[in-house]
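J.: Just passing along the structure, written as structure tokens.
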Amino acid sequence: MASATRTTPDTLPAWQTLKHHAEALRHVHLKNLFGDDDSRWVNFTRQVAGLTLDLSKQRWDDDTLEHLLALAHEAGMPAAIDALLSGKRVNVSENRPALHTALRLPADASLEVEGEDVVASVHDSLAQMECLVQRLQAGQWRGATGKPIRHVVNLGVGGSDLGPLMVTHALADYRPKGRHPLEVHFASTMDGSQLADYLSRFNPETTLFVLSSKSFTTIDTLSNANTAKDWLLGKLSAHGDLPTAAPLSAELIVRQHFIGVSASPEKMSEWGITSDHQLMFWDWVGGRYSLWGTIGLPIALVVGMDNFRELLAGAHAMDCHFRDAPMEDNLPVLLGLAGIWNVNFLDIRAHSILPYDGRLEYFAAYLEQLEMESNGKSVTRQGQAVNYSTCPVLWGQLGPNAQHAFYQLLHQGTQPVVCDFIAPLKRYDEVEDPDTRRHLKVQHRLALANCFAQSRVLMLGDDALDDEGPRPEHKRYRGNQPSTTVLLDKLTPFTLGALIALYEHKVFVQAVIWDINPFDQWGVELGKKIATDTQAIIDGEGDISRMDASSRGLIGAFWASEQE
Ligand code: F6P
């Protein structure tokens with residue numbers, strides 16, 4: 001990363017050049033940038049690892065890109081990338097490396113971090129995970145009463161939930177066929193709603209919980225875990241139909257129905273998880289970057305270890321590209337710079353993520369954490385307040401559904417928004433029944449047509465229409481909304497790995513330019529502390545009179561509801 005003495009980005013020469021350049025370009029409509037220029041597709045599109053990145057519909061030209069690349073150089077991008085990938089302590093506020101890329105290094109690689117080769121430990125932990133996966137997938141893991149496990153519920157939140165949740169949905173087609181029917185579920189919310197549903201439907205004898213928590217202190221996860229433990233103990237220790245008359249011990253029940261995944265083995269043991277059912281990872285893996293290791297257990301349970309390794313291989317391919325490709329051809333660098341251009345020079349601070357593939361249902365939610373928890377910062381790495389914008393507001397959902405929800409604002413609202421369209425080129429080839437395949441392929445073509453049409457209308461506005469007749473104001477489309485399109489040759493474990501790594505590195509590129517630390521999340525801490533204090537007050541153990549009128553009113557309403 002940039003040196004401790006670096007000047008702020010807005011004082012770098014290229015930043016100043018970009019400011020002037022933006023003044024000139026700000027009033028040029030995207031449709032005029034295209035004009036008859038057929039070279040934009042070639043100039044602004046790059047391909048790697050089964051992905052095509054089309055940046056031609058950004059509101060920029062060749063000069064813009066040249067100045068942005070100069071900015072990246074002035075900000076020390078090549079050295080920063082090297083520092084990240086070689087395990088330097090890039091997470092300055094926590095004084096440690098951010099080595100999620102080490103989790104996807106092949107077994108024959110080596111990476112020495114502070115005197116220790118981490119690759120062997122990474123592959124040992126994968127081998128341990130593989131053992132558990134094989135037992136569960138083969139139906140060999142038995143619950144306390146001797147029945148094979150049928151339902152696995154991941155209890156985790158944030159990075160210990162969103163990554164595995166997103167990937168298991170995206171790769172559901174890759175479930176190995178004809179094996180023991182194992183179903184994987186997710187419960188994250190501290191209010192217990194998701195868990196309560198599972199507890200009402202599942203048989204405790206055949207249900208196993210994975211407690212996923214890097215810190216093993218997160219109240220959301222621990223409260224779900226404690227409820228699950230009580231449920232199991234309540235249901236199984238009273239179990240009366242055993243072949244042996246001996247009652248089941250709490251120790252046996254917890255042993256057979258919980259796996260822990262954490263960076264804190266002591267805390268897992270304290271909670272009761274037996275050491276051979278503990279999967280470890282390291283404090284140098286950030287929560288939102290952790291799906292690549294043991295936190296990815298639910299993914300491996302759904303798609304199998306071979307596909308999990310393909311996911312890692314795709315991400316590793318993107319890591320190699322990020323390390324080796326010149327900046328002008330480097331997908332994460334280009335995607336990151338497009339964001340810098342929009343946020344800092346065109347004042348576009350809303351960013352929508354729009355996949356046109358139902359399997360990517362949770363991709364926007366995943367990116368919301370990845371981008372906003374990483375780069376939602378307002379102090380530099382040296383602790384000075386920034387005087388420029390950092391992470392935009394990011395949101396999204398499946399594009400086809402969003403067309404009938406918030407696209408109205410994209411087309412005719414007052415906010416400038418940049419959109420990322422994501423779609424696979426190939427789909428449904430593996431559907432066996434020819435009629436169904438034909439129908440589904442028609443639907444895929446329909447989705448692609450909509451995806452391409454929307455980015456075109458956002459760009460051109462009214463000019464996308466052939467008819468030139470006069471239109472009333474309420475039917476006018478202004479266009480000029482920039483977008484990026486990411487095409488996957490096909491959605492596979494490999495291309496999905498590459499896609500996620502692309503966004504991870506994009507986030508890093510932007511953090512380097514903004515001179516912020518993308519690997520901490522101190523902004524989440526105060527909320528946790530105040531929630532603990534508030535809980536004490538709700539439970540009648542604190543002084544409510546010190547609170548503001550609104551908080552007193554809300555707590556009062558809750559207390560009143562308890563009297564009814
Ligand atoms: O909400 C903050 C956060 O620390 C995230 O960064 C993290 O992914 C999540 O909580 C869960 O943390 P843990 O895995 O330690 O339970």
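By order in the structure tokens, chains are A, B, ...; within a chain, residues start at 1; ligands start at 1, following the order shown.
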Quick one: residues within 7 Å of His180 of chain A, only C-alpha atoms counted, chain neighbours fewer than 3 positions away excluded, as a compact mmCIF listing (two decimals) with C-alpha atoms, in the first residue's frame?

T.:
# COMPACT_ATOMS: atom_id res chain seq x y z
CA GLN A 137 -22.21 -36.21 2.19
CA ALA A 138 -21.92 -39.97 2.53
CA GLY A 139 -24.49 -40.05 5.33

J.: Running DSSP on the backbone, which parts of segment 328-429 of chain A land in helix (DSSP H, G or I), as JSON, numbers by chain?

T.: {"A": [328, 329, 331, 332, 333, 334, 335, 336, 337, 338, 339, 340, 341, 342, 343, 344, 345, 358, 359, 360, 363, 364, 365, 366, 367, 368, 369, 370, 371, 372, 373, 374, 375, 399, 400, 401, 402, 407, 408, 409, 410, 411, 412]}

J.: For ligand 1, list the contacting residues at 9 Å or closer, counting only C-alpha atoms and all ligand atoms, as a PDB file with C-alpha atoms, in the first residue's frame.

T.:
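Contents of result-v7.pdb, as written:
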ATOM      1  CA  GLY A 156     -23.467 -16.997  11.170  1.00  0.00           C
ATOM      2  CA  VAL A 157     -23.895 -13.392  10.122  1.00  0.00           C
ATOM      3  CA  GLY A 158     -22.159 -10.901   7.821  1.00  0.00           C
ATOM      4  CA  GLY A 159     -19.125 -12.538   6.245  1.00  0.00           C
ATOM      5  CA  SER A 160     -19.903 -15.776   8.081  1.00  0.00           C
ATOM      6  CA  ASP A 161     -23.234 -15.963   6.263  1.00  0.00           C
ATOM      7  CA  LEU A 162     -23.443 -13.876   3.093  1.00  0.00           C
ATOM      8  CA  LEU A 211     -21.489 -22.262  14.177  1.00  0.00           C
ATOM      9  CA  SER A 212     -19.624 -19.892  11.872  1.00  0.00           C
ATOM     10  CA  SER A 213     -18.046 -16.947  13.594  1.00  0.00           C
ATOM     11  CA  LYS A 214     -14.544 -15.655  13.132  1.00  0.00           C
ATOM     12  CA  SER A 215     -14.543 -13.954  16.535  1.00  0.00           C
ATOM     13  CA  PHE A 216     -16.943 -16.390  18.216  1.00  0.00           C
ATOM     14  CA  THR A 217     -18.287 -13.426  20.156  1.00  0.00           C
ATOM     15  CA  THR A 218     -20.993 -12.200  17.763  1.00  0.00           C
ATOM     16  CA  ILE A 219     -24.223 -12.054  19.748  1.00  0.00           C
ATOM     17  CA  ASP A 220     -26.412 -12.612  16.665  1.00  0.00           C
ATOM     18  CA  THR A 221     -24.772 -15.980  16.041  1.00  0.00           C
ATOM     19  CA  LEU A 222     -24.341 -17.009  19.664  1.00  0.00           C
ATOM     20  CA  VAL A 261     -15.707 -22.611  12.383  1.00  0.00           C
ATOM     21  CA  SER A 262     -13.706 -19.815  13.935  1.00  0.00           C
ATOM     22  CA  ALA A 263     -10.328 -18.145  14.422  1.00  0.00           C
ATOM     23  CA  GLY A 286     -11.217 -10.708   7.107  1.00  0.00           C
ATOM     24  CA  GLY A 287     -14.799 -11.864   7.797  1.00  0.00           C
ATOM     25  CA  ARG A 288     -16.189 -10.582   4.503  1.00  0.00           C
ATOM     26  CA  TYR A 289     -13.262 -12.190   2.631  1.00  0.00           C
ATOM     27  CA  SER A 290     -13.545 -15.576   4.329  1.00  0.00           C
ATOM     28  CA  ILE A 295     -16.191 -20.594   6.417  1.00  0.00           C
ATOM     29  CA  GLN A 369     -21.188  -5.932   2.642  1.00  0.00           C
ATOM     30  CA  GLU A 373     -18.140  -2.478   5.031  1.00  0.00           C
ATOM     31  CA  SER A 374     -14.730  -2.303   3.343  1.00  0.00           C
ATOM     32  CA  PHE A 519      -9.901  -4.377   5.971  1.00  0.00           C
ATOM     33  CA  ASP A 520     -11.270  -3.063   9.264  1.00  0.00           C
ATOM     34  CA  GLN A 521     -14.856  -2.179  10.295  1.00  0.00           C
ATOM     35  CA  TRP A 522     -14.655  -0.029  13.406  1.00  0.00           C
ATOM     36  CA  GLY A 523     -17.904   1.685  12.455  1.00  0.00           C
ATOM     37  CA  VAL A 524     -19.832  -1.425  13.457  1.00  0.00           C
ATOM     38  CA  GLU A 525     -18.484  -1.554  16.999  1.00  0.00           C
ATOM     39  CA  LYS A 528     -22.821  -3.353  19.243  1.00  0.00           C
TER      40      LYS A 528
END

J.: With distances taken over only C-alpha atoms, which of A:Ala75, A:Val442, A:Ile516, A:Leu105 is nearest to Thr7 of chain A?

T.: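 Closest to Thr7 of chain A of all the choices is A:Ala75.
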
J.: To test your reading of the structure, identify every residue in segment 190-368 of chain A that backbone DSSP assigns to strand (DSSP E or B), and report it as a PyMOL selection string.

T.: chain A and resi 207-212+258-262+278-280+350-355

J.: Using only C-alpha atoms, can you tell me which of A:Val285, A:Ile500, A:Leu410, A:Val417 comes closest to Asn342 of chain A?

T.: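 Comparing A:Val285, A:Ile500, A:Leu410, A:Val417 against Asn342 of chain A, the winner is A:Val417.
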
J.: Can you pull out the residues contacting Ala447 of chain A? Cut-off 12 Å, using only C-alpha atoms, and skip same-chain residues under 3 positions away; I want them as a PyMOL selection string.

T.: chain A and resi 354-358+398-401+403+421-427+440-444+450-454

J.: Write a file of the just-selected residues containing C-alpha atoms, as a compact mmCIF listing (two decimals), in the first residue's frame.

T.:
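Saved as part.txt:
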# COMPACT_ATOMS: atom_id res chain seq x y z
CA LEU A 354 -28.22 -6.04 -11.29
CA PRO A 355 -27.64 -9.71 -12.11
CA TYR A 356 -29.77 -11.21 -14.89
CA ASP A 357 -29.60 -14.76 -13.55
CA GLY A 358 -31.80 -15.98 -10.71
CA LEU A 398 -32.11 -9.46 -9.62
CA GLY A 399 -32.32 -7.22 -12.69
CA PRO A 400 -35.53 -8.67 -14.16
CA ASN A 401 -37.36 -8.08 -10.86
CA GLN A 403 -37.14 -3.66 -13.76
CA PHE A 421 -25.25 -5.63 -15.23
CA ILE A 422 -24.12 -9.24 -14.77
CA ALA A 423 -25.20 -12.19 -16.94
CA PRO A 424 -23.99 -15.57 -18.21
CA LEU A 425 -23.75 -16.10 -21.97
CA LYS A 426 -24.52 -19.82 -21.87
CA ARG A 427 -27.31 -21.36 -19.84
CA LEU A 440 -35.66 -22.45 -20.80
CA LYS A 441 -33.19 -21.36 -23.46
CA VAL A 442 -35.87 -19.04 -24.86
CA GLN A 443 -36.22 -17.60 -21.35
CA HIS A 444 -32.46 -17.14 -21.11
CA ASN A 450 -33.65 -7.31 -21.35
CA CYS A 451 -30.20 -6.96 -19.83
CA PHE A 452 -28.71 -5.54 -23.03
CA ALA A 453 -31.79 -3.37 -23.68
CA GLN A 454 -31.71 -1.79 -20.24

J.: Which residues come within 9 Å of Asn203 of chain A, counting only C-alpha atoms, excluding same-chain residues fewer than 4 positions away, as a PyMOL selection string?

T.: chain A and resi 150-151+199+207

J.: List as a PyMOL selection string the protein and nucleic acid residues near segment 377-383 of chain A, meaning an atom at most 10 Å away when only C-alpha atoms are counted, but skip any in the same chain fewer than 3 places from it.

T.: chain A and resi 1-6+8+90-93+372-374+386-391+511-512+514-518+520-523

J.: Out of A:Tyr428, A:Trp231, A:Trp341, A:Trp284, which residue has the shortest atom-to-atom distance to Leu71 of chain A when counting only C-alpha atoms?

T.: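 Of A:Tyr428, A:Trp231, A:Trp341, A:Trp284, the one nearest Leu71 of chain A is A:Trp341, counting only C-alpha atoms.
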
J.: Which residues, written as a PyMOL selection string, have at least one atom at most 7 Å from segment 19-35 of chain A, with only C-alpha atoms counted and residues fewer than 4 positions away on the same chain left out?

T.: chain A and resi 15+59+345-346+459-460+480

J.: Convert the current residue selection to file output with N, CA and C atoms, as a PDB file, in the first residue's frame.

T.:
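Printed below is out_21.pdb as written:
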ATOM      1  N   TRP A  15      -5.084  13.785 -10.083  1.00  0.00           N
ATOM      2  CA  TRP A  15      -6.420  14.120  -9.544  1.00  0.00           C
ATOM      3  C   TRP A  15      -6.825  15.500 -10.065  1.00  0.00           C
ATOM      4  N   ARG A  59     -19.152   6.880 -18.646  1.00  0.00           N
ATOM      5  CA  ARG A  59     -19.101   8.232 -19.249  1.00  0.00           C
ATOM      6  C   ARG A  59     -17.650   8.726 -19.258  1.00  0.00           C
ATOM      7  N   PHE A 345     -15.416  12.361  -9.603  1.00  0.00           N
ATOM      8  CA  PHE A 345     -15.312  13.382 -10.655  1.00  0.00           C
ATOM      9  C   PHE A 345     -16.641  13.656 -11.354  1.00  0.00           C
ATOM     10  N   LEU A 346     -17.538  12.655 -11.382  1.00  0.00           N
ATOM     11  CA  LEU A 346     -18.861  12.903 -11.973  1.00  0.00           C
ATOM     12  C   LEU A 346     -19.940  13.021 -10.895  1.00  0.00           C
ATOM     13  N   MET A 459     -28.198   4.323 -21.375  1.00  0.00           N
ATOM     14  CA  MET A 459     -27.189   5.120 -22.063  1.00  0.00           C
ATOM     15  C   MET A 459     -27.814   6.163 -22.998  1.00  0.00           C
ATOM     16  N   LEU A 460     -28.715   5.672 -23.883  1.00  0.00           N
ATOM     17  CA  LEU A 460     -29.201   6.532 -24.972  1.00  0.00           C
ATOM     18  C   LEU A 460     -30.435   7.348 -24.609  1.00  0.00           C
ATOM     19  N   ASN A 480     -28.014   8.805 -20.463  1.00  0.00           N
ATOM     20  CA  ASN A 480     -26.765   9.324 -19.872  1.00  0.00           C
ATOM     21  C   ASN A 480     -26.428   8.692 -18.522  1.00  0.00           C
TER      22      ASN A 480
END

J.: Which one is closest to Asp82 of chain A: A:Val509, A:Ile544, A:Leu446, A:Leu331? Count only C-alpha atoms.

T.: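 With only C-alpha atoms as the atom set, the closest residue is A:Val509.
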
J.: Between A:Leu12, A:Gln535, A:Arg46, A:Ile81, which residue has the minimum interatomic distance to Asp329 of chain A, considering only C-alpha atoms?

T.: A:Arg46

J.: Atom CA of Gly50 of chain A to atom CA of Cys320 of chain A: how many Å, to one decimal?

T.: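 For atom CA of Gly50 of chain A relative to atom CA of Cys320 of chain A, the distance reads 14.0 Å.
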
J.: Can you work out the spacing between atom CA of Asn307 of chain A and atom CA of Arg104 of chain A in Å, to one decimal?

T.: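 Between atom CA of Asn307 of chain A and atom CA of Arg104 of chain A the gap is 13.1 Å.
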
J.: Give the answer as one residue: which of A:Glu251, A:Leu236, A:Lys57, A:Val333 has the shortest atom-to-atom distance to Arg456 of chain A, using only C-alpha atoms?

T.: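 Ranked by minimum distance to Arg456 of chain A, first place goes to A:Lys57.
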
J.: Which value, in Å to one decimal, gives the distance between atom CA of Arg445 of chain A and atom CA of Ser56 of chain A?

T.: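 Computed distance, atom CA of Arg445 of chain A to atom CA of Ser56 of chain A, equals 22.1 Å.
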
J.: What's the 8 Å shell around Leu165 of chain A, counting only C-alpha atoms, without same-chain residues fewer than 5 positions away, as a list in words?

T.: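 With the cut-off at 8 Å, the set is Phe186, Ile299 and Tyr362 of chain A.
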
J.: Could you take the residues named above and write them with N, CA and C atoms, as a PDB file, in the first residue's frame?

T.:
ATOM      1  N   PHE A 186     -29.541 -21.566   6.087  1.00  0.00           N
ATOM      2  CA  PHE A 186     -28.823 -20.464   6.733  1.00  0.00           C
ATOM      3  C   PHE A 186     -29.743 -19.720   7.695  1.00  0.00           C
ATOM      4  N   ILE A 299     -20.681 -24.307   1.441  1.00  0.00           N
ATOM      5  CA  ILE A 299     -20.545 -24.373  -0.030  1.00  0.00           C
ATOM      6  C   ILE A 299     -20.074 -25.769  -0.425  1.00  0.00           C
ATOM      7  N   TYR A 362     -28.401 -13.556  -4.373  1.00  0.00           N
ATOM      8  CA  TYR A 362     -27.801 -12.913  -3.197  1.00  0.00           C
ATOM      9  C   TYR A 362     -26.514 -12.150  -3.526  1.00  0.00           C
TER      10      TYR A 362
END
